[in-house]
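Right, one structure below, let's go through it.
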Amino acid sequence: MEKQYPKNLEKWGRFWEKEKIYKFKRDKKSIYSIDTPPPYVSAEHLHVGHVMSYVQADFIARFWRQKGFNVFYPMGFDDNGLPTERFVEKKYNIDKSKISKKNFVELCLKETRRISKIYKKFWQKIGLSIDWSLSYNTIGPLCQKISQKSFIELFKNKKIIRREEPIIWCPKCQTALSQADLIDKKESGYLNFIKFLFWNGKEAIVATTRPELIPACIALFVNPLDKRYKAFIGKKAIVPLGNYKVPILASQKVDQKFGTGLMMVCTWGDIEDIYKWKQYKLKTRLIINKDGSLNELSGVYKGLSIMEARKKILIDLEKNGFLKKKEKITHVLNVHERCKTPIEFLKAPQWFIKILDIKKTLKKQGKKINWYPKFMKVKYDNWVDNLKWDWCISRQRFYGTPFPVWYCSNCGKIILAKEKDLPVDPTQNKPPISRCPKCKSNKFLPETDVMDTWMTSSLTPLINARWKEKKSLIQKIYPMNLRPQGFEIIRSWLFYTVVKSFFHTKTLPWKNVMISGWGLDWEGKKMSKSLGNVIYPEEVLKKYPVDALRYWATKANLGKNLRYQEKEVENGHRLMTKLWNAFYFSFFHLKNFNINNFNYNFKLYPTDQWIFSKLQETIKKSTNYFEKYEYGKARREIEDFFWKDFCNNYLELIKYRLYSKREDIIKKSAQFTLYKVFLNILKLFAPFLPYLTEEIYQLYFRKLEKVKSIHLTSWPVIEKDLLNKKIELTGDRIINLINAIRKSKSERNYSLKEEVKRLIIYCSNDMAKKLSLFVNDLKEMNNINVIEFKTKDEIKNGISVRDGLKIKIQF
């Protein structure tokens, strides 16, 4: 056996796959199911932030597997929708509007197949204990089928509706969006004070950040309590440059202190414009096209982009005396999360899932979930409270799940696909009927929009359970035990999954959610290609083993962000080296020891009783932490026990017994304890360091334990008969004495092997009796010739030790 741990640890990944170590067994009960986040197939490489969040979920999967559960741990690939489309557009430098749908989809499929293979290879490399036979692709037939079944059921239950009304629109991606697709972006701009004219010729100054929407102005609003404008309510105002009149109306929602207290309402600049337009039944004057250019209603600005129109209109306003002043401000814009383009509001028929009318119910559903950490529930509650839109699920794109819908070209009647025919593509497949049931026409038009990617991803628990399929697992794994995910998609993936599960099953999709933070760069910034601060795991793994990188991920507190710091990967590497060295030492003293031939009918030596009792405490605490998804705290407990109690003290205390040539019960007690404790240490570390623990297990323990992988062995359980608080407390006092002796030698620049001629311990007779149990270990470990016990009233001077002990050392 090599003195340093082997470098080819990744061979165990191939072993796990070949031996199907992580295989989910359909016929076995006690299931623990995980709704793994399917990563977007939208980048060539994953960064260390992805490693952090995914291995944190793997820690939990491995723990429950060792606890004896039949773990359902799949991996999906979210390979449909905008993220993939934008990746393909960027890579091939193409405009989807200038390429056929067929050719574009073929490119998307080609890239998703290629990148999915890259991702799978990488997940295997970092040791995710996935059952790859449970894999799915959101663009695949099964996912499309279940997504289309979901649509049909919701439509029949009147939870889905098609409406033509104002929608959130991305002019760059040229598609409708949902509220969850938006993020806030701070931007510097100007508040422009623009002169309108009242009907009587008096000036009305309106403050706006969007002067390009002046041609879309349909009304001015004032607060009815604002004395400045009370007399103008019900009158008219003339729109500058457009020379047409708009009504002046009253609303208490108008902020008297913002700008001049006059509010310009257009179609549409923001959600408040839409509310006013609906409430007051105002005219519609849309001036922005789908591509973000201005149309003929804007007059001379037709064909200009939004930013071009803004500049030109400001010039014309100033030229004609309508621009009174400009104030520089910083304000928040809603932008599309994918392309960071400011969104617009257009009017077009879209598909919506109705959620605004069940906000209270969705809050109640959120309350039933076990949140880890608890404070993350606030993000969910805030999202539900601030919902302003029903969920728009249609996208004007190419690559996504098709709607299973046709329309009668004569009367517009909606025709749904038959469930037995799913999945269908209405642009390629014919409708299930030959004539419209309403007007008897035989001509139909296919729905060309595709579904929002969240429409499918929100079904991952039902996809995993093979909902309404012949080999359904719905009774076995649903609701699932765990959803691990990032905090940034609580408002989308988590929320939409709660919505879908409530509509389809009236239950929660899972019992527990474990929310992770972000993996950040060394300065605490989010990793971004544009910032040049992305850290790729492939580069880290050229220098360090996989287990060392996994160790770094344990440093994050639950739900918190974690900076990438190489020193923490180094610490993981240091731990691996220490674990191997401890094994190397243990193996030397255990190679001729067979636990299966050992007679248990003896009393353990006091030092062995002490380490066993300390181990029980470690098992108890680490298990409790794991059950609360506090993997980081569990690792700290295990590592502290390993370094401080086991390596620094126990191994040193028993060396003289292990090296003894006498095969007596004192030596056998040390060997028995060393075997049992070290095996339990391996089991405790296995979720974090799967490769090294497997290597050590296979080298020595497998032939004795007769289980083919460390990852199939049982998680350590507390053995109450090994808990001995009295012996543990006495052992801890011995450790305090050892530390005091070591310190004394160090202060004199003595070697730790320096002989101590006499050690005098001042304590009570009762304490002396307890400590005397460890005298031999204390003498041998610290090279002490004589140990004497004296009562406290005999003390003249000495070194104070914790727990009220005092000692005197004579060299």
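Naming scheme: A, B, ... for chains in displayed order of the structure tokens; residues 1 onward per chain; ligands 1 onward as shown.
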
Report as a PyMOL selection string all protein, DNA and RNA residues lying within 10 Å of Trp406 of chain A, evaluated on only C-alpha atoms, omitting residues in the same chain fewer than 5 positions from it.
chain A and resi 412-417+425-427+429-432+443-448

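All residues of protein, DNA or RNA that reach within 12 Å of Ile233 of chain A, judged by only C-alpha atoms and not counting those fewer than 6 positions away in the chain, are Phe198, Trp199, Ala219, Leu220, Phe221, Val222, Asn223, Pro224, Leu225, Asp226, Lys227, Val246, Pro247, Ile248, Leu249, Ala250, Ser251 and Leu262 of chain A.
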
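Taking atom CA of Phe503 of chain A and atom CA of Trp371 of chain A as the two end points, the separation is 21.4 Å.
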
For Glu523 of chain A, the nearest of the candidates A:Ile315, A:Val405, A:Leu562, A:Leu304, counting only C-alpha atoms
A:Leu562

Just want the 7 Å neighbourhood of segment 386-392 of chain A, counted on only C-alpha atoms, with same-chain residues fewer than 4 positions away dropped. Output as a short mmCIF file (atom, residue, chain, number, x, y, z; two decimals) with all heavy atoms, in the first residue's frame.
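Final output, out.cif:
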```
data_model
loop_
_atom_site.label_atom_id
_atom_site.label_comp_id
_atom_site.auth_asym_id
_atom_site.auth_seq_id
_atom_site.Cartn_x
_atom_site.Cartn_y
_atom_site.Cartn_z
N LEU A 177 -43.66 37.44 -22.17
CA LEU A 177 -42.96 36.98 -20.97
C LEU A 177 -43.94 36.90 -19.81
O LEU A 177 -45.03 37.46 -19.87
CB LEU A 177 -41.82 37.94 -20.60
CG LEU A 177 -40.74 38.21 -21.65
CD1 LEU A 177 -39.81 39.31 -21.17
CD2 LEU A 177 -39.95 36.94 -21.95
N SER A 178 -43.49 36.24 -18.76
CA SER A 178 -44.27 36.23 -17.52
C SER A 178 -43.57 37.12 -16.51
O SER A 178 -42.41 37.53 -16.71
CB SER A 178 -44.39 34.81 -16.96
OG SER A 178 -43.12 34.34 -16.54
N GLN A 179 -44.24 37.41 -15.40
CA GLN A 179 -43.66 38.28 -14.38
C GLN A 179 -42.36 37.69 -13.83
O GLN A 179 -41.43 38.42 -13.49
CB GLN A 179 -44.67 38.49 -13.25
CG GLN A 179 -44.28 39.56 -12.26
CD GLN A 179 -45.37 39.81 -11.23
OE1 GLN A 179 -46.54 39.49 -11.46
NE2 GLN A 179 -45.00 40.38 -10.10
N GLN A 350 -52.72 35.58 -25.95
CA GLN A 350 -51.75 34.70 -25.29
C GLN A 350 -52.51 33.72 -24.40
O GLN A 350 -53.66 33.94 -24.02
CB GLN A 350 -50.79 35.51 -24.41
CG GLN A 350 -50.01 36.60 -25.13
CD GLN A 350 -48.96 36.07 -26.09
OE1 GLN A 350 -48.45 34.96 -25.91
NE2 GLN A 350 -48.65 36.85 -27.12
N TRP A 351 -51.82 32.65 -24.05
CA TRP A 351 -52.34 31.67 -23.11
C TRP A 351 -51.90 32.04 -21.69
O TRP A 351 -50.74 32.36 -21.46
CB TRP A 351 -51.84 30.27 -23.45
CG TRP A 351 -52.44 29.69 -24.69
CD1 TRP A 351 -51.86 29.60 -25.92
CD2 TRP A 351 -53.74 29.10 -24.82
NE1 TRP A 351 -52.70 29.00 -26.82
CE2 TRP A 351 -53.88 28.68 -26.16
CE3 TRP A 351 -54.79 28.89 -23.94
CZ2 TRP A 351 -55.01 28.06 -26.65
CZ3 TRP A 351 -55.94 28.27 -24.43
CH2 TRP A 351 -56.05 27.85 -25.76
N PHE A 352 -52.84 31.98 -20.73
CA PHE A 352 -52.55 32.29 -19.34
C PHE A 352 -53.07 31.19 -18.42
O PHE A 352 -54.15 30.63 -18.65
CB PHE A 352 -53.24 33.60 -18.92
CG PHE A 352 -52.74 34.83 -19.62
CD1 PHE A 352 -53.28 35.23 -20.83
CD2 PHE A 352 -51.72 35.60 -19.07
CE1 PHE A 352 -52.84 36.36 -21.49
CE2 PHE A 352 -51.27 36.74 -19.71
CZ PHE A 352 -51.82 37.13 -20.92
N ILE A 353 -52.29 30.90 -17.36
CA ILE A 353 -52.81 30.10 -16.25
C ILE A 353 -53.26 31.08 -15.17
O ILE A 353 -52.50 31.96 -14.77
CB ILE A 353 -51.73 29.14 -15.69
CG1 ILE A 353 -51.40 28.08 -16.74
CG2 ILE A 353 -52.23 28.46 -14.41
CD1 ILE A 353 -50.35 27.08 -16.28
N LYS A 354 -54.48 30.90 -14.72
CA LYS A 354 -55.06 31.84 -13.75
C LYS A 354 -54.52 31.57 -12.34
O LYS A 354 -54.81 30.51 -11.76
CB LYS A 354 -56.58 31.76 -13.78
CG LYS A 354 -57.18 32.19 -15.13
CD LYS A 354 -58.68 32.34 -15.07
CE LYS A 354 -59.37 31.00 -15.10
NZ LYS A 354 -60.85 31.13 -15.15
N ILE A 355 -53.75 32.50 -11.82
CA ILE A 355 -53.19 32.34 -10.48
C ILE A 355 -53.55 33.49 -9.54
O ILE A 355 -53.49 33.34 -8.32
CB ILE A 355 -51.64 32.18 -10.52
CG1 ILE A 355 -50.99 33.34 -11.26
CG2 ILE A 355 -51.26 30.85 -11.13
CD1 ILE A 355 -49.48 33.30 -11.27
N LEU A 356 -53.94 34.64 -10.09
CA LEU A 356 -54.23 35.79 -9.23
C LEU A 356 -55.42 35.54 -8.30
O LEU A 356 -55.48 36.10 -7.20
CB LEU A 356 -54.50 37.04 -10.08
CG LEU A 356 -53.28 37.61 -10.82
CD1 LEU A 356 -53.69 38.83 -11.64
CD2 LEU A 356 -52.16 37.98 -9.85
N ASN A 382 -43.31 36.91 -0.25
CA ASN A 382 -43.22 38.22 -0.91
C ASN A 382 -43.57 38.12 -2.39
O ASN A 382 -44.23 39.02 -2.94
CB ASN A 382 -41.82 38.81 -0.74
CG ASN A 382 -41.54 39.27 0.68
OD1 ASN A 382 -42.47 39.44 1.47
ND2 ASN A 382 -40.28 39.47 1.01
#
```

Show me a table, sorted first by chain and then by increasing residue number, of the residues of segment 251-290 of chain A having an atom at most 10 Å from segment 330-346 of chain A, each with its shortest atom pair and the distance in Å to one decimal, counting only C-alpha atoms and written as a tab-separated table.
```
residue	atom	partner	partner_atom	distance
A:Thr267	CA	A:Phe345	CA	7.7
A:Trp268	CA	A:Phe345	CA	5.6
A:Gly269	CA	A:Phe345	CA	6.9
A:Asp270	CA	A:Phe345	CA	7.4
A:Ile271	CA	A:Phe345	CA	8.6
A:Asp273	CA	A:Phe345	CA	9.8
A:Ile274	CA	A:Phe345	CA	8.8
A:Leu286	CA	A:Leu346	CA	7.4
A:Ile287	CA	A:Leu346	CA	9.3
A:Ile288	CA	A:Leu346	CA	7.6
A:Asn289	CA	A:Leu346	CA	8.0
A:Lys290	CA	A:Leu346	CA	7.6
```

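Counting from atom CA of Ile809 of chain A, the distance to atom CA of Glu652 of chain A is 20.1 Å.
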
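Every protein, DNA or RNA residue with an atom at most 12 Å from Glu203 of chain A, where only C-alpha atoms count and chain neighbours fewer than 3 positions away do not, is listed here: A:Phe193, A:Ile194, A:Lys195, A:Phe196, A:Leu197, A:Phe198, A:Trp199, A:Asn200, A:Val206, A:Tyr229, A:Phe232, A:Ala237, A:Ile238, A:Val239, A:Pro240, A:Thr260, A:Leu262, A:Gly321, A:Phe322, A:Leu323, A:Lys324.
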